[in-house]
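> Pasting in a structure now, in structure tokens, and then I'll have a few things to ask.
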Amino acid sequence: MPTIEPWRAAIAAGASIILSATTAAHSETYDISVDKIRIDAGDFRKSGIGYNNSQTPTILRFKEGEDVTLNVTNNLGEDTSIHWHGLILPFDQDGVPKISFDGIKPGETFTYNFPIKQAGTYWFHSHSGFQEPDGAYGAIVIEPRGGERIRANRDYVVQLTDTHPQRGKRIMRNLKMSADYYNRSQRTLQDLIKDSGNIGLKAALEDRKMWGRMRMMPTDVEDVQGFTPMINGESTEQNWTGLFKPGEKVRLRLINSSAMAYFDLRIPGLKMTVVQADGNDVKPVTVDELRISVAETYDVIVQPKENRVYSIVAESMGRTALVRGTLAPREGMAGPVPPLREKPRLTMADMGGMMGGMGMKGHVMQNAVMPLDDMSGMDHSAMTGTDQPMAGMDHSQMAGAAPAPQAKAKPMDHSTMAGSDNSMAGMDHSAMENTKGQDDPFYAPGSGLTPNASNGGKFLSYDDLTARKPLYKDRPATREIELRLTGNMERYIWSINGKKLSEAEPIVLKYGERVRFKFVNETMMSHPMHLHGMWSILDTGKGKYDPIKHTVSVAPGTTVYTETEVDVTGQWAFHCHLSYHADAGMFRKVVIEGGPA
Amino acid sequence: MRLPKERDTEMNRMRNAALAGAMAMAWALPAQAEQLIYGFQAELLEYRQGDGEDSFVWDFDALIGTDELKLVWRSEGERVQGTEGFEALENQLRLQFPVSTFFDAVVGIQASTPDGMPDRYNAVLGLKGLAPQWFEIDADLYLSDHSFFRFEGEYEAMLTNRLILTPNLELTVPLQDDLAYDQAAGGATIEAGLRLSYDLIDRAVSPYVGVNYERSYGGTADLIRAAGDKNGVLSVVFGTRLMF
């Protein structure tokens with residue numbers, strides 16, 4: 001393993017990169033340049049974009065209550081922009097071209113100016129083209145008024161990304177030419193032979209026939225594979241390292257700045273206490289592993305007691321890549337790199353939402369849903385023996401009814417089943433108790449994506465998040481807006497309610513209302529939905545203690561509710577934060593009517 | 001640092017060319033422009049070793065457009081080694097637009113201009129898409145005084161995630177006689193292939209080896225025999241798939 005260079009150690013030591021700060025009473029000025037850089041990912045180099053001429057993400061350190069002035073100089077040959085992800089600010093400072101402002105022209109310096117009204121861990125990135133996947137991202141750390149309440153001896157940003165050897169534009173074009181261009185986890189002849197050994201040839205073929213009839217792939221978990229994950233701009237071999245003294249409390253500010261990859265993160269040998277989610281304090285919850293969706297942040301406290309090296313392991317949800325960083329008592333150490341775990345396969349449960357959409361007449365761009373008779377003709381016996389039995393599937397959705405809200409994982413209600421009684425009878429109900437996944441109401445029961453901790457311990461669920469201090473009074477929502485997350489995998493079209501951004505009217509909200517969003521995922525992929533400018537209070541059934549987020553992941557086949565107090569004016573972006581899904585159309589403009597001028 | 005810059009300018013040039021092409025179909029572009037889709041895909045680019053006759057064969061699509069409408073230039077041809085000119089040469093301009101989740105409708109024009117034979121021009125009406133069980137399908141009616149129907153189907157069997165076995169079938173059924181082309185109404189010609197490819201660079205370059213078999217039936221077979229040509233030709237093929 002390479003030794004740690006001094007400059008890397010300096011960053012590792014948590015030294016803040018403060019960029020020409022001129023201190024006034026309550027005002028700070030920061031200069032940021034947007035530059036074309038070479039990115040060294042260890043196993044490849046590419047040309048990309050970096051802030052302040054570096055592939056090490058810039059960390060902006062603000063204080064709650066101050067006014068910040070940010071001079072952003074565009075040294076690129078094309079327009080750029082910076083969006084301050086998760087910050088509550090006037091809409092014309094939000095940095096989304098065509099919605100908040102006109103963008104920053106080549107050679108231009110644009111000055112952002114806004115008050116800092118919150119504390120916590122956030123991040124920033126370009127909202128122009130595919131500059132963010134090409135490297136235009138950084139971190140924001142805001143100290144609360146009166147200093148940090150969460151006590152830690154060390155404080156490190158751990159910013160994840162999925163650096164791909166190809167540029168974003170090229171990736172998008174390839175996906176449009178062939179949606180499975182980057183899927184190198186498809187089921188092969190070898191898998192067929194393996195499955196035949198496990199469940200018999202007939203069942204294995206039946207299973208393939210069923211997926212083939214829908215023209216869907218159970219392995220379609222990660223659209224864009226072939227990336228090298230990095231921590232703070234460093235790949236596994238470059239080995240980002242944070243130092244500690246045994247017994248110290250170390251705060252890790254986890255940020256997922258990936259274009260497409262969700263990460264499951266763990267530090268073998270250490271428990272992680274989650275203290276913040278998306279910048280907002282949560283009641284501490286101790287876990288062995290957590291899944292961080294694209295654009296989310298989690299702050300965790302760890303306390304390494306032994307005088308030894310620990311690995312920070314972030315493994316992509318599709319198990320196609322991982323990055324190892326290191327926590328070490330001294331420089332020059334590298335934690336072990338574990339092998340990738342088995343790749344997940346989607347199950348019929350992950351398709352649940354697609355059946356929910358059956359009633360509506362989708363336009364031709366949308367994935368048609370499997371006809372009911374196809375469904376009832378399905379050979380359930382073929383499924384029971386597979387890795388992810390369909391035991392937990394919510395059969396109420398098979399009846400074509402709107403998907404039931406995913407409250408708690410409920411026992412299956414057979415009375416609501418329609419049309420498949422015969423095949424159900426032969427189903428192996430004992431398999432139900434054997435589902436591998438833990439109960440997590442934010443995954444479809446029986447989903448192939450339900451996460452499990454590597455050591456068999458506790459895996460964080462949204463259900464575990466409880467706001468420490470509610471930001472708003474709890475009150476009933478004034479109305480509900482349904483957003484069906486839709487798409488056509490084969491054409492690589494992503495949409496909301498069957499319409500791409502280019503085909504849709506803006507969502508109009510009224511100042512002062514509390515709106516309830518109902519997200520119904522009718523696709524087979526997870527979508528991290530991000531509403532700009534306002535908080536998304538995630539309904540976990542805890543009333544005013546529901547966690548307050550800026551990005552909420554909606555797993556396949558599930559329905560998730562959030563509530564938003566519309567306490568800002570102007571117009572904002574609302575989109576799936578997977579870069580290529582957003583660009584393909586899973587994006588809306590939100591316009592707010594009324595309010596103070 | 002120079003290389004990427006040059007690549008960028010080249011990209012820009014390509015994009016400008018693409019934009020110019022798109023303006024030709026301006027009526028089709030949506031009001032809010034999304035990134036243009038463009039690309040090149042060669043299903044066949046191969047050398048065929050047959051019974052004493054070797055030839056070079058291609059079949060590619062170059063496309064530009066949007067989710068809603070694509071303009072496709074499809075070219076197919078065959079050049080026999082040691083002879084002048086093209087044994088077969090077909091070019092089509094096709095407009096392709098979605099009509100269902102997995103299928104596009106096609107309207108276009110086709111020009112068949114091989115050497116030593118009269119030129120033929122057809123209107124094209126067709127369907128292209130993905131059938132259940134992952135069969136890629138092209139079904140086209142070619143309409144003129146010498147109409148015919150052509151069906152093409154292909155399946156990619158993944159032996160591994162890079163080693164792919166692709167059986168394909170092409171069926172051509174003349175609806176009218178075309179004696180100059182040795183085609184008799186109803187006399188079908190079947191071309192069947194089996195190719196083993198390996199994705200060498202992404203999916204951009206995938207070299208393959210395989211076999212190809214072509215045989216005609218009915219009146220068409222009679223015409224071929226009467227012309228003194230062999231019916232039922234088996235070839236060994238070497239080539240590469242390309243996708244950019």
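Ordered as shown in the structure tokens, chains take letters A, B, and onward, while each chain numbers its residues from 1 and ligands are numbered from 1 in the order shown.
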Identify every residue of chain B that has at least one atom within 6 Å of any atom of chain A, counting only C-alpha atoms, and report the result as a short mmCIF file (atom, residue, chain, number, x, y, z; two decimals) with C-alpha atoms, in the first residue's frame.

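Saved file iface.cif follows:
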```cif
data_model
loop_
_atom_site.label_atom_id
_atom_site.label_comp_id
_atom_site.auth_asym_id
_atom_site.auth_seq_id
_atom_site.Cartn_x
_atom_site.Cartn_y
_atom_site.Cartn_z
CA GLN B 32 -38.22 22.13 -25.04
CA ILE B 37 -29.68 11.19 -29.34
CA VAL B 99 -46.23 3.40 -30.94
CA SER B 100 -46.09 1.18 -27.86
CA THR B 101 -43.87 0.60 -24.89
CA PRO B 132 -41.29 -10.68 -25.26
CA GLN B 133 -38.36 -12.88 -24.30
CA MET B 158 -25.38 -14.15 -22.81
CA LEU B 159 -22.88 -16.94 -22.23
CA THR B 160 -21.05 -14.56 -19.93
CA ASN B 161 -21.54 -10.84 -19.51
#
```
> Contacts of stretch 112-122 of chain A at 7 Å or less, counting only C-alpha atoms, minus same-chain residues fewer than 2 places along, as an MDAnalysis selection string?
chainID A and resid 64:71 85:86 88:89 93 110 139:144 253 278:280 297
> B:Leu169, B:Ala204, B:Leu63, B:Met243: which is nearest B:Glu191, counting only C-alpha atoms?
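Result for the nearest residue to B:Glu191: B:Leu169.
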> When you count only C-alpha atoms, which of these residues is closest to B:Phe40: B:Glu170, B:Asp178, B:Asp59, B:Glu78?
B:Asp59
> Among the residues of stretch 21-229 of chain B, find those DSSP assigns to alpha helix (DSSP H) from the backbone and print them as a count of residues only.
12
> Could you give me the residues within stretch 127-254 of chain A that DSSP places in strand (DSSP E), as a PDB file with C-alpha atoms, in the first residue's frame?

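What landed in part27.pdb:
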```pdb
ATOM      1  CA  TYR A 137     -19.172  18.759  -6.213  1.00  0.00           C
ATOM      2  CA  GLY A 138     -18.008  19.803  -2.746  1.00  0.00           C
ATOM      3  CA  ALA A 139     -19.063  19.715   0.905  1.00  0.00           C
ATOM      4  CA  ILE A 140     -20.703  22.259   3.210  1.00  0.00           C
ATOM      5  CA  VAL A 141     -20.260  22.076   6.983  1.00  0.00           C
ATOM      6  CA  ILE A 142     -22.279  24.553   9.051  1.00  0.00           C
ATOM      7  CA  GLU A 143     -21.503  25.071  12.707  1.00  0.00           C
ATOM      8  CA  ARG A 154     -12.343  14.602  15.436  1.00  0.00           C
ATOM      9  CA  ASP A 155     -14.540  15.753  12.624  1.00  0.00           C
ATOM     10  CA  TYR A 156     -14.135  14.463   9.076  1.00  0.00           C
ATOM     11  CA  VAL A 157     -16.110  14.848   5.882  1.00  0.00           C
ATOM     12  CA  VAL A 158     -16.491  11.500   4.071  1.00  0.00           C
ATOM     13  CA  GLN A 159     -17.774  12.459   0.641  1.00  0.00           C
ATOM     14  CA  LEU A 160     -18.576   9.571  -1.674  1.00  0.00           C
ATOM     15  CA  THR A 161     -18.760   9.624  -5.432  1.00  0.00           C
ATOM     16  CA  ASP A 162     -18.924   7.189  -8.363  1.00  0.00           C
ATOM     17  CA  THR A 163     -16.240   8.374 -10.756  1.00  0.00           C
ATOM     18  CA  THR A 228     -14.604   3.688  -9.398  1.00  0.00           C
ATOM     19  CA  PRO A 229     -16.073   4.803  -6.073  1.00  0.00           C
ATOM     20  CA  MET A 230     -14.053   7.373  -4.176  1.00  0.00           C
ATOM     21  CA  ILE A 231     -13.946   8.921  -0.711  1.00  0.00           C
ATOM     22  CA  THR A 241      -7.310   8.228   5.869  1.00  0.00           C
ATOM     23  CA  GLY A 242      -8.696   9.849   8.993  1.00  0.00           C
ATOM     24  CA  LEU A 243      -6.544   9.744  12.120  1.00  0.00           C
ATOM     25  CA  VAL A 250     -14.846  10.665  15.673  1.00  0.00           C
ATOM     26  CA  ARG A 251     -17.608  12.397  13.762  1.00  0.00           C
ATOM     27  CA  LEU A 252     -17.932  11.339  10.148  1.00  0.00           C
ATOM     28  CA  ARG A 253     -20.020  13.532   7.901  1.00  0.00           C
ATOM     29  CA  LEU A 254     -21.132  11.089   5.205  1.00  0.00           C
TER      30      LEU A 254
END
```
> Residues at most 8 Å from stretch 68-74 of chain B, counting only C-alpha atoms, excluding those fewer than 6 positions away in the same chain, as a PyMOL selection string?
chain B and resi 28-29+59-62+91-98
> Write out, as a compact mmCIF listing (two decimals), in the first residue's frame, the residues just selected, with C-alpha atoms.

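And here's result-v3.txt as it stands now:
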```
# COMPACT_ATOMS: atom_id res chain seq x y z
CA ALA B 28 -40.58 16.87 -35.14
CA LEU B 29 -38.50 18.43 -32.39
CA ASP B 59 -25.50 -3.82 -42.22
CA PHE B 60 -25.56 -0.67 -40.12
CA ASP B 61 -27.86 2.03 -38.75
CA ALA B 62 -26.81 5.63 -38.16
CA ASN B 91 -29.90 2.34 -48.47
CA GLN B 92 -32.89 3.50 -46.50
CA LEU B 93 -33.94 6.70 -44.81
CA ARG B 94 -36.34 5.79 -42.05
CA LEU B 95 -38.35 7.87 -39.61
CA GLN B 96 -38.95 5.95 -36.43
CA PHE B 97 -41.41 6.89 -33.68
CA PRO B 98 -42.83 5.04 -30.67
```
> Contacts of A:Asp350 at 10 Å or less, counting only C-alpha atoms, minus same-chain residues fewer than 2 places along, as a tab-separated table (two decimals) with C-alpha atoms, in the first residue's frame?

```
chain	number	residue	atom	x	y	z
A	218	PRO	CA	-33.98	-8.67	-12.24
A	345	ARG	CA	-31.68	-9.54	-7.65
A	346	LEU	CA	-34.98	-7.78	-7.90
A	347	THR	CA	-38.06	-9.83	-7.12
A	348	MET	CA	-41.70	-9.68	-8.07
A	352	GLY	CA	-45.51	-4.26	-7.15
A	353	GLY	CA	-45.82	-0.60	-8.04
A	354	MET	CA	-45.91	-1.30	-11.74
A	390	MET	CA	-41.85	-13.74	-3.32
A	393	MET	CA	-45.36	-9.84	-1.93
A	443	TYR	CA	-38.87	-1.65	0.98
A	444	ALA	CA	-41.58	-3.75	-0.62
A	445	PRO	CA	-42.07	-6.86	1.50
A	446	GLY	CA	-39.88	-9.51	-0.13
A	447	SER	CA	-37.89	-6.95	-2.09
A	448	GLY	CA	-34.54	-8.02	-3.41
A	449	LEU	CA	-33.08	-4.71	-2.32
A	521	ASN	CA	-42.74	4.11	-7.39
A	522	GLU	CA	-44.02	2.31	-10.47
A	523	THR	CA	-40.54	1.51	-11.76
A	524	MET	CA	-38.09	-1.15	-10.72
A	525	MET	CA	-35.42	1.27	-9.65
A	526	SER	CA	-34.93	3.35	-6.51
A	555	ALA	CA	-37.65	2.04	-3.29
A	556	PRO	CA	-39.25	0.01	-6.10
A	557	GLY	CA	-42.78	-1.15	-5.44
A	558	THR	CA	-43.28	1.19	-2.49
```
